[in-house]
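Data from run04.txt: compact mmCIF, N, CA, C and O atoms
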```txt
# COMPACT_ATOMS: atom_id res chain seq x y z
N MET C 143 11.60 6.14 -27.57
CA MET C 143 10.40 6.11 -26.75
C MET C 143 10.79 5.61 -25.34
O MET C 143 11.40 4.58 -25.20
N GLN C 144 10.44 6.39 -24.35
CA GLN C 144 10.75 6.02 -22.98
C GLN C 144 9.53 5.36 -22.34
O GLN C 144 8.42 5.85 -22.46
N GLN C 145 9.76 4.23 -21.69
CA GLN C 145 8.68 3.53 -21.01
C GLN C 145 8.76 3.79 -19.51
O GLN C 145 9.85 3.89 -18.96
N ASN C 146 7.61 3.91 -18.89
CA ASN C 146 7.56 4.05 -17.44
C ASN C 146 7.32 2.69 -16.82
O ASN C 146 6.28 2.08 -17.07
N HIS C 147 8.26 2.24 -16.07
CA HIS C 147 8.13 0.96 -15.39
C HIS C 147 7.92 1.23 -13.90
O HIS C 147 8.53 2.13 -13.33
N HIS C 148 7.08 0.45 -13.31
CA HIS C 148 6.83 0.57 -11.89
C HIS C 148 7.29 -0.72 -11.21
O HIS C 148 6.90 -1.80 -11.63
N ILE C 149 8.10 -0.56 -10.21
CA ILE C 149 8.57 -1.71 -9.45
C ILE C 149 7.94 -1.65 -8.07
O ILE C 149 8.06 -0.64 -7.37
N TYR C 150 7.27 -2.72 -7.71
CA TYR C 150 6.62 -2.83 -6.42
C TYR C 150 7.32 -3.90 -5.61
O TYR C 150 7.65 -4.96 -6.14
N VAL C 151 7.53 -3.61 -4.35
CA VAL C 151 8.08 -4.59 -3.41
C VAL C 151 6.96 -4.90 -2.42
O VAL C 151 6.50 -4.00 -1.71
N ILE C 152 6.53 -6.15 -2.41
CA ILE C 152 5.46 -6.56 -1.50
C ILE C 152 6.10 -7.31 -0.34
O ILE C 152 6.78 -8.32 -0.53
N ILE C 153 5.88 -6.78 0.86
CA ILE C 153 6.42 -7.40 2.08
C ILE C 153 5.24 -7.94 2.88
O ILE C 153 4.33 -7.19 3.23
N VAL C 154 5.28 -9.23 3.14
CA VAL C 154 4.26 -9.86 3.97
C VAL C 154 4.81 -9.94 5.38
O VAL C 154 5.91 -10.44 5.60
N THR C 155 4.03 -9.41 6.34
CA THR C 155 4.51 -9.40 7.72
C THR C 155 3.54 -10.11 8.67
O THR C 155 2.34 -10.18 8.42
N TYR C 156 4.12 -10.59 9.74
CA TYR C 156 3.37 -11.11 10.88
C TYR C 156 4.27 -10.95 12.09
O TYR C 156 5.31 -11.62 12.18
N ASN C 157 3.93 -10.02 12.96
CA ASN C 157 4.77 -9.71 14.14
C ASN C 157 6.22 -9.49 13.72
O ASN C 157 7.13 -10.12 14.23
N ALA C 158 6.41 -8.55 12.82
CA ALA C 158 7.72 -8.32 12.20
C ALA C 158 8.46 -7.12 12.77
O ALA C 158 9.40 -6.63 12.16
N MET C 159 8.06 -6.65 13.92
CA MET C 159 8.67 -5.46 14.49
C MET C 159 10.20 -5.56 14.56
O MET C 159 10.90 -4.57 14.35
N GLN C 160 10.69 -6.73 14.78
CA GLN C 160 12.13 -6.96 14.91
C GLN C 160 12.88 -6.68 13.60
O GLN C 160 14.05 -6.32 13.62
N TRP C 161 12.22 -6.82 12.45
CA TRP C 161 12.90 -6.75 11.15
C TRP C 161 12.42 -5.63 10.24
O TRP C 161 13.12 -5.26 9.30
N ILE C 162 11.22 -5.11 10.45
CA ILE C 162 10.59 -4.24 9.46
C ILE C 162 11.36 -2.94 9.21
O ILE C 162 11.46 -2.49 8.07
N ASP C 163 11.92 -2.34 10.22
CA ASP C 163 12.66 -1.09 10.03
C ASP C 163 13.88 -1.31 9.15
O ASP C 163 14.13 -0.56 8.21
N LYS C 164 14.62 -2.36 9.41
CA LYS C 164 15.81 -2.65 8.61
C LYS C 164 15.42 -3.00 7.17
O LYS C 164 16.08 -2.59 6.22
N CYS C 165 14.34 -3.71 7.00
CA CYS C 165 13.88 -4.11 5.67
C CYS C 165 13.47 -2.90 4.83
O CYS C 165 13.99 -2.68 3.74
N ILE C 166 12.56 -2.11 5.34
CA ILE C 166 12.09 -0.94 4.59
C ILE C 166 13.21 0.10 4.46
O ILE C 166 13.39 0.71 3.42
N GLY C 167 13.97 0.28 5.53
CA GLY C 167 15.08 1.23 5.49
C GLY C 167 16.08 0.89 4.41
O GLY C 167 16.58 1.79 3.71
N SER C 168 16.38 -0.37 4.21
CA SER C 168 17.34 -0.75 3.17
C SER C 168 16.76 -0.51 1.78
O SER C 168 17.48 -0.13 0.86
N LEU C 169 15.45 -0.68 1.64
CA LEU C 169 14.82 -0.42 0.34
C LEU C 169 14.85 1.06 -0.02
O LEU C 169 14.89 1.41 -1.20
N GLN C 170 14.85 1.91 0.97
CA GLN C 170 14.91 3.35 0.71
C GLN C 170 16.25 3.78 0.10
O GLN C 170 16.35 4.85 -0.47
N HIS C 171 17.25 2.95 0.23
CA HIS C 171 18.57 3.26 -0.34
C HIS C 171 18.71 2.76 -1.78
O HIS C 171 19.77 2.89 -2.38
N SER C 172 17.65 2.22 -2.32
CA SER C 172 17.69 1.72 -3.69
C SER C 172 17.90 2.87 -4.66
O SER C 172 17.35 3.96 -4.49
N THR C 173 18.71 2.63 -5.68
CA THR C 173 18.90 3.63 -6.72
C THR C 173 17.81 3.53 -7.78
O THR C 173 17.73 4.37 -8.67
N VAL C 174 16.98 2.52 -7.67
CA VAL C 174 15.86 2.31 -8.59
C VAL C 174 14.59 2.74 -7.87
O VAL C 174 14.33 2.30 -6.75
N PRO C 175 13.78 3.59 -8.48
CA PRO C 175 12.52 3.99 -7.83
C PRO C 175 11.60 2.79 -7.65
O PRO C 175 11.43 1.99 -8.57
N LEU C 176 11.04 2.67 -6.49
CA LEU C 176 10.12 1.58 -6.22
C LEU C 176 9.07 1.98 -5.22
O LEU C 176 9.23 2.96 -4.49
N GLN C 177 7.98 1.24 -5.20
CA GLN C 177 6.88 1.45 -4.26
C GLN C 177 6.83 0.24 -3.33
O GLN C 177 6.76 -0.89 -3.80
N VAL C 178 6.89 0.50 -2.04
CA VAL C 178 6.84 -0.57 -1.06
C VAL C 178 5.39 -0.75 -0.59
O VAL C 178 4.71 0.23 -0.28
N ILE C 179 4.98 -2.00 -0.54
CA ILE C 179 3.65 -2.37 -0.06
C ILE C 179 3.84 -3.38 1.05
O ILE C 179 4.55 -4.37 0.89
N VAL C 180 3.21 -3.12 2.19
CA VAL C 180 3.25 -4.06 3.32
C VAL C 180 1.86 -4.63 3.51
O VAL C 180 0.89 -3.89 3.62
N ILE C 181 1.79 -5.94 3.55
CA ILE C 181 0.54 -6.63 3.87
C ILE C 181 0.78 -7.32 5.21
O ILE C 181 1.64 -8.20 5.31
N ASP C 182 0.04 -6.91 6.21
CA ASP C 182 0.21 -7.48 7.54
C ASP C 182 -0.86 -8.53 7.80
O ASP C 182 -2.05 -8.28 7.64
N ASN C 183 -0.41 -9.69 8.22
CA ASN C 183 -1.28 -10.84 8.45
C ASN C 183 -1.69 -10.97 9.91
O ASN C 183 -1.50 -12.02 10.53
N GLY C 184 -2.25 -9.93 10.47
CA GLY C 184 -2.81 -10.02 11.82
C GLY C 184 -1.81 -9.93 12.94
O GLY C 184 -1.97 -10.57 13.98
N SER C 185 -0.79 -9.12 12.78
CA SER C 185 0.22 -8.95 13.83
C SER C 185 -0.40 -8.46 15.14
O SER C 185 -1.36 -7.70 15.13
N THR C 186 0.18 -8.90 16.22
CA THR C 186 -0.25 -8.45 17.54
C THR C 186 0.80 -7.54 18.18
O THR C 186 0.60 -7.09 19.30
N ASP C 187 1.90 -7.31 17.47
CA ASP C 187 2.91 -6.37 17.97
C ASP C 187 2.63 -4.99 17.36
O ASP C 187 1.56 -4.74 16.84
N GLU C 188 3.59 -4.11 17.39
CA GLU C 188 3.39 -2.73 16.91
C GLU C 188 3.84 -2.53 15.46
O GLU C 188 4.05 -1.40 15.03
N SER C 189 3.97 -3.60 14.70
CA SER C 189 4.46 -3.50 13.32
C SER C 189 3.66 -2.53 12.47
O SER C 189 4.22 -1.67 11.79
N VAL C 190 2.35 -2.66 12.48
CA VAL C 190 1.49 -1.83 11.64
C VAL C 190 1.61 -0.36 12.03
O VAL C 190 1.80 0.51 11.17
N ALA C 191 1.50 -0.06 13.29
CA ALA C 191 1.60 1.33 13.76
C ALA C 191 2.97 1.91 13.43
O ALA C 191 3.08 3.09 13.05
N PHE C 192 4.01 1.11 13.56
CA PHE C 192 5.36 1.57 13.28
C PHE C 192 5.51 1.94 11.80
O PHE C 192 6.06 2.99 11.47
N VAL C 193 5.02 1.08 10.91
CA VAL C 193 5.12 1.37 9.48
C VAL C 193 4.30 2.60 9.13
O VAL C 193 4.77 3.48 8.41
N ARG C 194 3.10 2.70 9.66
CA ARG C 194 2.24 3.86 9.35
C ARG C 194 2.87 5.17 9.81
O ARG C 194 2.80 6.17 9.11
N SER C 195 3.49 5.17 10.96
CA SER C 195 4.06 6.42 11.47
C SER C 195 5.47 6.68 10.94
O SER C 195 5.82 7.82 10.67
N GLY C 196 6.25 5.64 10.76
CA GLY C 196 7.64 5.82 10.35
C GLY C 196 7.87 5.87 8.85
O GLY C 196 8.86 6.41 8.39
N TYR C 197 6.94 5.29 8.10
CA TYR C 197 7.09 5.22 6.65
C TYR C 197 5.76 5.56 5.98
O TYR C 197 5.10 4.70 5.40
N PRO C 198 5.36 6.83 6.02
CA PRO C 198 4.05 7.20 5.46
C PRO C 198 3.93 6.98 3.95
O PRO C 198 2.82 6.90 3.43
N GLU C 199 5.04 6.87 3.26
CA GLU C 199 5.01 6.64 1.80
C GLU C 199 4.71 5.18 1.45
O GLU C 199 4.43 4.87 0.29
N VAL C 200 4.77 4.31 2.43
CA VAL C 200 4.52 2.88 2.20
C VAL C 200 3.01 2.62 2.22
O VAL C 200 2.31 3.06 3.13
N LYS C 201 2.55 1.90 1.20
CA LYS C 201 1.15 1.47 1.21
C LYS C 201 1.06 0.27 2.16
O LYS C 201 1.89 -0.63 2.09
N ILE C 202 0.06 0.28 3.04
CA ILE C 202 -0.07 -0.82 3.99
C ILE C 202 -1.52 -1.26 4.09
O ILE C 202 -2.43 -0.43 4.07
N ARG C 203 -1.70 -2.54 4.15
CA ARG C 203 -3.02 -3.12 4.40
C ARG C 203 -2.84 -4.09 5.56
O ARG C 203 -2.00 -4.98 5.51
N ALA C 204 -3.64 -3.89 6.59
CA ALA C 204 -3.54 -4.72 7.79
C ALA C 204 -4.80 -5.57 7.92
O ALA C 204 -5.91 -5.05 7.91
N TYR C 205 -4.59 -6.86 8.01
CA TYR C 205 -5.69 -7.79 8.22
C TYR C 205 -5.76 -8.17 9.69
O TYR C 205 -4.75 -8.16 10.39
N HIS C 206 -6.95 -8.53 10.13
CA HIS C 206 -7.14 -8.93 11.53
C HIS C 206 -6.85 -10.40 11.76
O HIS C 206 -6.83 -10.86 12.90
N ARG C 207 -6.63 -11.13 10.67
CA ARG C 207 -6.30 -12.55 10.79
C ARG C 207 -5.21 -12.88 9.77
O ARG C 207 -4.97 -12.12 8.83
N ASN C 208 -4.61 -14.01 9.95
CA ASN C 208 -3.56 -14.44 9.04
C ASN C 208 -4.19 -15.04 7.79
O ASN C 208 -4.85 -16.08 7.86
N THR C 209 -3.99 -14.39 6.65
CA THR C 209 -4.56 -14.86 5.39
C THR C 209 -3.65 -15.83 4.67
O THR C 209 -3.99 -16.32 3.60
N GLY C 210 -2.48 -16.09 5.24
CA GLY C 210 -1.49 -16.95 4.59
C GLY C 210 -0.64 -16.14 3.64
O GLY C 210 -1.00 -15.03 3.23
N PHE C 211 0.49 -16.70 3.27
CA PHE C 211 1.44 -15.98 2.42
C PHE C 211 0.83 -15.69 1.05
O PHE C 211 0.89 -14.56 0.56
N CYS C 212 0.24 -16.69 0.42
CA CYS C 212 -0.33 -16.49 -0.93
C CYS C 212 -1.44 -15.46 -0.92
O CYS C 212 -1.51 -14.60 -1.81
N GLY C 213 -2.31 -15.53 0.06
CA GLY C 213 -3.39 -14.55 0.15
C GLY C 213 -2.86 -13.14 0.33
O GLY C 213 -3.37 -12.19 -0.25
N ALA C 214 -1.81 -13.01 1.13
CA ALA C 214 -1.21 -11.70 1.38
C ALA C 214 -0.53 -11.16 0.12
O ALA C 214 -0.66 -9.97 -0.21
N VAL C 215 0.19 -12.00 -0.59
CA VAL C 215 0.85 -11.55 -1.82
C VAL C 215 -0.19 -11.14 -2.85
O VAL C 215 -0.05 -10.10 -3.51
N ASN C 216 -1.25 -11.92 -2.98
CA ASN C 216 -2.32 -11.54 -3.91
C ASN C 216 -2.95 -10.20 -3.52
O ASN C 216 -3.26 -9.38 -4.39
N ALA C 217 -3.13 -9.96 -2.23
CA ALA C 217 -3.65 -8.67 -1.77
C ALA C 217 -2.67 -7.54 -2.13
O ALA C 217 -3.09 -6.45 -2.52
N GLY C 218 -1.39 -7.81 -2.01
CA GLY C 218 -0.38 -6.82 -2.38
C GLY C 218 -0.40 -6.50 -3.87
O GLY C 218 -0.27 -5.34 -4.27
N ILE C 219 -0.61 -7.52 -4.67
CA ILE C 219 -0.69 -7.30 -6.12
C ILE C 219 -1.91 -6.44 -6.44
O ILE C 219 -1.83 -5.50 -7.22
N LYS C 220 -3.04 -6.73 -5.81
CA LYS C 220 -4.24 -5.92 -6.04
C LYS C 220 -4.02 -4.49 -5.59
O LYS C 220 -4.45 -3.54 -6.25
N LEU C 221 -3.33 -4.31 -4.46
CA LEU C 221 -3.06 -2.97 -3.97
C LEU C 221 -2.13 -2.21 -4.93
O LEU C 221 -2.26 -1.00 -5.09
N SER C 222 -1.24 -2.92 -5.58
CA SER C 222 -0.34 -2.25 -6.52
C SER C 222 -1.08 -1.76 -7.76
O SER C 222 -0.63 -0.84 -8.43
N GLU C 223 -2.22 -2.36 -8.04
CA GLU C 223 -3.00 -1.98 -9.22
C GLU C 223 -3.93 -0.81 -8.94
O GLU C 223 -4.50 -0.24 -9.85
N SER C 224 -4.09 -0.45 -7.67
CA SER C 224 -4.97 0.66 -7.32
C SER C 224 -4.18 1.96 -7.25
O SER C 224 -3.00 1.96 -6.94
N PRO C 225 -4.85 3.09 -7.52
CA PRO C 225 -4.14 4.37 -7.51
C PRO C 225 -3.72 4.80 -6.12
O PRO C 225 -4.12 4.38 -5.13
```

Spit out the file's structure as structure tokens when you get a sec.
Amino acid sequence: MQQNHHIYVIIVTYNAMQWIDKCIGSLQHSTVPLQVIVIDNGSTDESVAFVRSGYPEVKIRAYHRNTGFCGAVNAGIKLSESP
């Protein structure tokens, strides 16, 4: 019996333009299938627009304020449970 496992990577960002391309780009080289989720905590740089345009396969939720790390991770977990 084969089981389907889903691996989610939740990335919490705040003005992460300097690192986000390298982070997501390295995950694309994984030999294990995974789904990347970005939760943005109110960035004022171009992080959100960059992820949306450069990585359309990434699920992203952008908040207008900083919800804190725990709040963002919890939002990422909820997003992983949605289709």

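Residues surrounding stretch 171-180 of chain C within 8 Å are His148, Ile149, Tyr150, Val151, Ile152, Ile153, Val154, Thr155, Ile166, Gly167, Ser168, Glu199, Val200, Lys201, Ile202, Arg203, Gly218, Leu221 and Ser222 of chain C [only C-alpha atoms; sequence separation below 3 positions excluded].
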
Strand (DSSP E or B) per DSSP on the backbone: members of chain C, as an NGL selection string:
:C and (150-155 or 177-183 or 201-205)

Every residue of chain C that DSSP places in alpha helix (DSSP H), as a count of residues only
33

Between atom CA of C:Gly184 and atom O of C:Ala204, what is the spacing in Å?
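Computing it gives 7.0 Å between the two atoms.
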
Counting only N, CA, C and O atoms, closest pick from C:Met159, C:Tyr205, C:Cys212, C:Ile219 relative to C:Asp182 is C:Tyr205

Would you work out the distance separating atom CA of C:Tyr156 from atom O of C:Ser185, expressed in Å to one decimal?
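According to the coordinates, atom CA of C:Tyr156 and atom O of C:Ser185 are separated by 7.2 Å.
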
For atom CA of C:Pro198 and atom CA of C:Gln170, determine how far apart the two atoms are, in Å to one decimal place.
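About the pair atom CA of C:Pro198 and atom CA of C:Gln170: they are 12.5 Å apart.
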
At a cut-off of 7 Å, using only C-alpha atoms, what residues contact C:Thr209? Leave out same-chain residues fewer than 4 positions from it and give the result as a CSV table (one decimal) with N, CA, C and O atoms, in the frame of the given file.
```
chain,number,residue,atom,x,y,z
C,183,ASN,N,-0.4,-9.7,8.2
C,183,ASN,CA,-1.3,-10.8,8.4
C,183,ASN,C,-1.7,-11.0,9.9
C,183,ASN,O,-1.5,-12.0,10.5
C,213,GLY,N,-2.3,-15.5,0.1
C,213,GLY,CA,-3.4,-14.6,0.2
C,213,GLY,C,-2.9,-13.1,0.3
C,213,GLY,O,-3.4,-12.2,-0.2
C,214,ALA,N,-1.8,-13.0,1.1
C,214,ALA,CA,-1.2,-11.7,1.4
C,214,ALA,C,-0.5,-11.2,0.1
C,214,ALA,O,-0.7,-10.0,-0.2
```
